Amino acid sequence: MRAEPRLEDIHARVLAWYDANARDLPWRRPGTSPWAVLVSEVMLQQTPVVRVEPAWTAWMERWPAPADLAAAPPADVLRAWDRLGYPRRALRLQECARAVVAHHGGEVPETEEELLDLPGVGAYTAAAVAAFAHGRRAVVLDTNVRRVLGRAIEGRALPPPALGRAERERAAGYLPAGTAESVRWNVGVMELGALVCTARSPRCTACPLLGRCAWVAAGRPDDEHAHRRRTQGWHGTDRQVRGRIMAHLRRLPDGLAAGREELLAAGADGADPAALPDPAQPARALASLVADGLVAAEPDASGFRLP
DNA sequence: AACGCGGGGGA
DNA sequence: TCCCCAGCGTT
């Protein structure tokens, strides 16, 4: 079957828009190493670009190569991760560095299959590194791409909560056949989703696909999955308590341990844990942090520090 | 398939 | 206040 003119038209429009509107992000600059790209992708997992940018720059200056990060004390890695969120990613990134050193001669592998075996690297990150670090043809499917294709092609306000096989195959069908074009398409659609086709209040008048968008053509119908998108709460959750405990430990001078009561109080935001609606919450959060390897306990559990 | 996991900034 | 952000690993 020959390529559809409509498809090529969509490709051309997105590519031209990207050429004119791409942000100058540091990990996109020529000469960025594959490892530096991988680090950026892991940091960008659920953390917005504006917060990743300064952290990535400092990180790459401190630990330019996988071997550098592999040799660092985990406590330093967690402190440098600072408040990017989901600190387990920092530990996995270091495990990833060690795997690259141990199994790939210190070079980031090129195939998605090999990348998927690395800690902290899932379907999205494997495709993104293959495409953006190695220039390979891969189906990069993140929240931005899913939203743009969902709107322009499917006419949905937002993609369904779960990413299924059908959606992945559809996205693959829209990937340009040429390798170089596929890479630009991937980054171009992502950028379009980040800057124009945003989740809330999209700037449709600035969109290169305005006249080709199924969602706009349908009158911009509401999200049919809205009732199923239960927002994860934050106030009073274990995650918030874990975050407070980690923040307290990050501030601790190197070599010092925090007492158990001190740490539980930090988890309760300075209050007496016994006064919380769930008095056991801080202790539970601390135990989970130890189980995750984010906190190291003294042999007698009297003190705690970063690992 | 569903859940847990940080933290912050814009609407 | 709510909601979303270049997701991943576990169950």
# chains A, B, ... in the order shown; residues from 1 in each chain; ligands from 1
$ residues_around --residues "A:Glu181" --least-positions-apart "5" --cutoff "12 Å" --atoms "only C-alpha atoms (C1' of nucleotides)" --output "list in words"
Glu8, His11, Ala12, Val14, Leu15, Ala16, Tyr18, Ala131, Phe132, Gly135, Arg136, Arg137, Ala138, Tyr174, Leu175, Pro176, Asn186, Val187, Gly188 and Val189 of chain A
$ residues_around --residues "A:Ala206" --least-positions-apart "6" --cutoff "12 Å" --atoms "only C-alpha atoms (C1' of nucleotides)" --output "JSON list (two decimals) with N, CA, C and O atoms, in the first residue's frame"
[["chain", "number", "residue", "atom", "x", "y", "z"],
["A", 14, "VAL", "N", 4.46, 18.81, 11.19],
["A", 14, "VAL", "CA", 5.08, 18.71, 12.51],
["A", 14, "VAL", "C", 6.57, 19.00, 12.43],
["A", 14, "VAL", "O", 7.12, 19.72, 13.27],
["A", 17, "TRP", "N", 7.12, 22.67, 11.97],
["A", 17, "TRP", "CA", 6.82, 23.39, 13.22],
["A", 17, "TRP", "C", 7.96, 23.20, 14.22],
["A", 17, "TRP", "O", 8.39, 24.17, 14.88],
["A", 21, "ASN", "N", 10.22, 25.98, 16.21],
["A", 21, "ASN", "CA", 9.78, 26.23, 17.58],
["A", 21, "ASN", "C", 10.49, 25.41, 18.66],
["A", 21, "ASN", "O", 10.15, 25.53, 19.84],
["A", 192, "LEU", "N", 5.53, 19.30, 20.42],
["A", 192, "LEU", "CA", 4.20, 19.85, 20.14],
["A", 192, "LEU", "C", 3.27, 19.62, 21.32],
["A", 192, "LEU", "O", 2.51, 20.52, 21.72],
["A", 193, "GLY", "N", 3.34, 18.43, 21.89],
["A", 193, "GLY", "CA", 2.51, 18.13, 23.04],
["A", 193, "GLY", "C", 2.90, 18.95, 24.26],
["A", 193, "GLY", "O", 2.06, 19.32, 25.08],
["A", 195, "LEU", "N", 4.37, 22.01, 24.26],
["A", 195, "LEU", "CA", 4.25, 23.46, 24.11],
["A", 195, "LEU", "C", 2.89, 23.93, 23.61],
["A", 195, "LEU", "O", 2.45, 25.02, 23.94],
["A", 196, "VAL", "N", 2.22, 23.14, 22.80],
["A", 196, "VAL", "CA", 0.98, 23.58, 22.16],
["A", 196, "VAL", "C", -0.21, 22.70, 22.54],
["A", 196, "VAL", "O", -1.22, 23.16, 23.06],
["A", 197, "CYS", "N", -0.07, 21.42, 22.28],
["A", 197, "CYS", "CA", -1.16, 20.48, 22.51],
["A", 197, "CYS", "C", -1.10, 19.98, 23.95],
["A", 197, "CYS", "O", -0.98, 18.79, 24.23],
["A", 198, "THR", "N", -1.22, 20.92, 24.88],
["A", 198, "THR", "CA", -1.04, 20.61, 26.29],
["A", 198, "THR", "C", -2.30, 19.97, 26.87],
["A", 198, "THR", "O", -3.38, 20.06, 26.29]]
$ interface_residues --of "chain C" --to "chain A" --cutoff "6 Å" --atoms "only C-alpha atoms (C1' of nucleotides)" --output "ChimeraX atom specification"
/C:5-7
$ interface_residues --of "chain A" --to "chain B" --cutoff "7 Å" --atoms "only C-alpha atoms (C1' of nucleotides)" --output "list in words"
Arg83, Leu84, Gly85, Tyr86, Arg239 and Gly243 of chain A
$ write_last_selection --atoms "N, CA and C atoms" --output "mmCIF file, in the first residue's frame"
data_model
loop_
_atom_site.group_PDB
_atom_site.id
_atom_site.type_symbol
_atom_site.label_atom_id
_atom_site.label_comp_id
_atom_site.auth_asym_id
_atom_site.auth_seq_id
_atom_site.Cartn_x
_atom_site.Cartn_y
_atom_site.Cartn_z
ATOM 1 N N ARG A 83 15.404 17.413 45.062
ATOM 2 C CA ARG A 83 13.938 17.306 45.102
ATOM 3 C C ARG A 83 13.329 17.034 43.737
ATOM 4 N N LEU A 84 14.024 16.274 42.933
ATOM 5 C CA LEU A 84 13.442 15.900 41.632
ATOM 6 C C LEU A 84 12.260 14.956 41.817
ATOM 7 N N GLY A 85 12.161 14.338 42.989
ATOM 8 C CA GLY A 85 11.051 13.431 43.245
ATOM 9 C C GLY A 85 11.353 11.998 42.874
ATOM 10 N N TYR A 86 10.583 11.075 43.462
ATOM 11 C CA TYR A 86 10.785 9.644 43.224
ATOM 12 C C TYR A 86 12.255 9.267 43.327
ATOM 13 N N ARG A 239 3.526 8.951 50.883
ATOM 14 C CA ARG A 239 4.550 9.568 50.024
ATOM 15 C C ARG A 239 5.010 10.904 50.585
ATOM 16 N N GLY A 243 8.712 11.695 51.842
ATOM 17 C CA GLY A 243 9.423 12.847 51.300
ATOM 18 C C GLY A 243 10.024 13.719 52.391
#
$ residues_around --residues "A:Pro26" --least-positions-apart "4" --cutoff "12 Å" --atoms "only C-alpha atoms (C1' of nucleotides)" --output "JSON, numbers by chain"
{"A": [22, 30, 31, 32, 33, 36, 37, 40, 49, 50, 52, 53, 54, 55, 56, 57, 58, 60]}
$ atom_distance --atom1 "atom CA of A:Pro221" --atom2 "atom CA of A:Thr205"
17.0 Å
$ atom_distance --atom1 "atom CA of A:Arg156" --atom2 "atom C1' of C:DC2"
21.7 Å
$ atom_distance --atom1 "atom CA of A:Phe304" --atom2 "atom CA of A:Glu261"
10.4 Å
$ decode --residues "chain C" --atoms "N, CA, C and O atoms (P, O5', C5', C4', C3', O3' and C1' of nucleotides)" --output "PDB file, in the first residue's frame"
ATOM      1  P    DT C   1      -7.079  25.405  50.348  1.00  0.00           P
ATOM      2  O5'  DT C   1      -8.046  24.649  49.337  1.00  0.00           O
ATOM      3  C5'  DT C   1      -7.735  23.324  48.865  1.00  0.00           C
ATOM      4  C4'  DT C   1      -8.370  23.202  47.506  1.00  0.00           C
ATOM      5  C3'  DT C   1      -8.065  21.877  46.818  1.00  0.00           C
ATOM      6  O3'  DT C   1      -9.267  21.284  46.388  1.00  0.00           O
ATOM      7  C1'  DT C   1      -7.413  23.690  45.428  1.00  0.00           C
ATOM      8  P    DC C   2      -9.248  19.710  46.027  1.00  0.00           P
ATOM      9  O5'  DC C   2      -8.824  19.732  44.489  1.00  0.00           O
ATOM     10  C5'  DC C   2      -9.663  20.413  43.546  1.00  0.00           C
ATOM     11  C4'  DC C   2      -8.987  20.439  42.197  1.00  0.00           C
ATOM     12  C3'  DC C   2      -8.487  19.073  41.714  1.00  0.00           C
ATOM     13  O3'  DC C   2      -8.934  18.882  40.397  1.00  0.00           O
ATOM     14  C1'  DC C   2      -6.740  20.681  41.622  1.00  0.00           C
ATOM     15  P    DC C   3      -8.923  17.439  39.753  1.00  0.00           P
ATOM     16  O5'  DC C   3      -7.776  17.574  38.664  1.00  0.00           O
ATOM     17  C5'  DC C   3      -7.603  18.805  37.959  1.00  0.00           C
ATOM     18  C4'  DC C   3      -6.256  18.786  37.268  1.00  0.00           C
ATOM     19  C3'  DC C   3      -5.776  17.393  36.889  1.00  0.00           C
ATOM     20  O3'  DC C   3      -5.269  17.454  35.595  1.00  0.00           O
ATOM     21  C1'  DC C   3      -4.132  18.514  38.155  1.00  0.00           C
ATOM     22  P    DC C   4      -5.200  16.147  34.679  1.00  0.00           P
ATOM     23  O5'  DC C   4      -3.759  16.353  34.069  1.00  0.00           O
ATOM     24  C5'  DC C   4      -3.354  17.667  33.644  1.00  0.00           C
ATOM     25  C4'  DC C   4      -1.860  17.765  33.795  1.00  0.00           C
ATOM     26  C3'  DC C   4      -1.123  16.502  33.362  1.00  0.00           C
ATOM     27  O3'  DC C   4      -0.146  16.853  32.416  1.00  0.00           O
ATOM     28  C1'  DC C   4      -0.376  17.239  35.486  1.00  0.00           C
ATOM     29  P    DC C   5       0.487  15.705  31.497  1.00  0.00           P
ATOM     30  O5'  DC C   5       2.021  16.003  31.782  1.00  0.00           O
ATOM     31  C5'  DC C   5       2.501  17.357  31.748  1.00  0.00           C
ATOM     32  C4'  DC C   5       3.787  17.403  32.517  1.00  0.00           C
ATOM     33  C3'  DC C   5       4.761  16.284  32.165  1.00  0.00           C
ATOM     34  O3'  DC C   5       6.025  16.821  31.862  1.00  0.00           O
ATOM     35  C1'  DC C   5       4.398  16.383  34.514  1.00  0.00           C
ATOM     36  P    DA C   6       6.188  17.107  30.260  1.00  0.00           P
ATOM     37  O5'  DA C   6       6.769  15.636  30.041  1.00  0.00           O
ATOM     38  C5'  DA C   6       7.643  15.301  29.098  1.00  0.00           C
ATOM     39  C4'  DA C   6       7.633  13.777  28.974  1.00  0.00           C
ATOM     40  C3'  DA C   6       8.209  13.022  30.169  1.00  0.00           C
ATOM     41  O3'  DA C   6       7.725  11.700  30.119  1.00  0.00           O
ATOM     42  C1'  DA C   6       9.699  12.928  28.370  1.00  0.00           C
ATOM     43  P    DG C   7       6.594  11.166  31.097  1.00  0.00           P
ATOM     44  O5'  DG C   7       7.315   9.901  31.767  1.00  0.00           O
ATOM     45  C5'  DG C   7       7.250   8.630  31.142  1.00  0.00           C
ATOM     46  C4'  DG C   7       8.139   7.715  31.935  1.00  0.00           C
ATOM     47  C3'  DG C   7       8.084   6.255  31.476  1.00  0.00           C
ATOM     48  O3'  DG C   7       9.368   5.711  31.633  1.00  0.00           O
ATOM     49  C1'  DG C   7       7.224   6.456  33.693  1.00  0.00           C
ATOM     50  P    DC C   8       9.581   4.122  31.286  1.00  0.00           P
ATOM     51  O5'  DC C   8       9.695   3.492  32.745  1.00  0.00           O
ATOM     52  C5'  DC C   8      10.640   4.045  33.657  1.00  0.00           C
ATOM     53  C4'  DC C   8      10.669   3.222  34.927  1.00  0.00           C
ATOM     54  C3'  DC C   8      10.655   1.713  34.692  1.00  0.00           C
ATOM     55  O3'  DC C   8      11.677   1.114  35.442  1.00  0.00           O
ATOM     56  C1'  DC C   8       8.875   2.364  36.139  1.00  0.00           C
ATOM     57  P    DG C   9      11.980  -0.430  35.304  1.00  0.00           P
ATOM     58  O5'  DG C   9      11.283  -1.048  36.598  1.00  0.00           O
ATOM     59  C5'  DG C   9      11.634  -0.524  37.865  1.00  0.00           C
ATOM     60  C4'  DG C   9      10.856  -1.228  38.940  1.00  0.00           C
ATOM     61  C3'  DG C   9      10.794  -2.746  38.813  1.00  0.00           C
ATOM     62  O3'  DG C   9      11.010  -3.308  40.087  1.00  0.00           O
ATOM     63  C1'  DG C   9       8.596  -1.859  38.874  1.00  0.00           C
ATOM     64  P    DT C  10      10.837  -4.886  40.337  1.00  0.00           P
ATOM     65  O5'  DT C  10       9.403  -5.022  41.028  1.00  0.00           O
ATOM     66  C5'  DT C  10       9.107  -4.183  42.141  1.00  0.00           C
ATOM     67  C4'  DT C  10       7.702  -4.444  42.626  1.00  0.00           C
ATOM     68  C3'  DT C  10       7.343  -5.921  42.774  1.00  0.00           C
ATOM     69  O3'  DT C  10       6.688  -6.102  44.023  1.00  0.00           O
ATOM     70  C1'  DT C  10       5.733  -4.823  41.438  1.00  0.00           C
ATOM     71  P    DT C  11       6.405  -7.569  44.585  1.00  0.00           P
ATOM     72  O5'  DT C  11       4.831  -7.721  44.362  1.00  0.00           O
ATOM     73  C5'  DT C  11       3.946  -6.754  44.923  1.00  0.00           C
ATOM     74  C4'  DT C  11       2.531  -7.016  44.436  1.00  0.00           C
ATOM     75  C3'  DT C  11       2.152  -8.496  44.402  1.00  0.00           C
ATOM     76  O3'  DT C  11       0.960  -8.709  45.115  1.00  0.00           O
ATOM     77  C1'  DT C  11       1.628  -7.453  42.343  1.00  0.00           C
TER      78       DT C  11
END
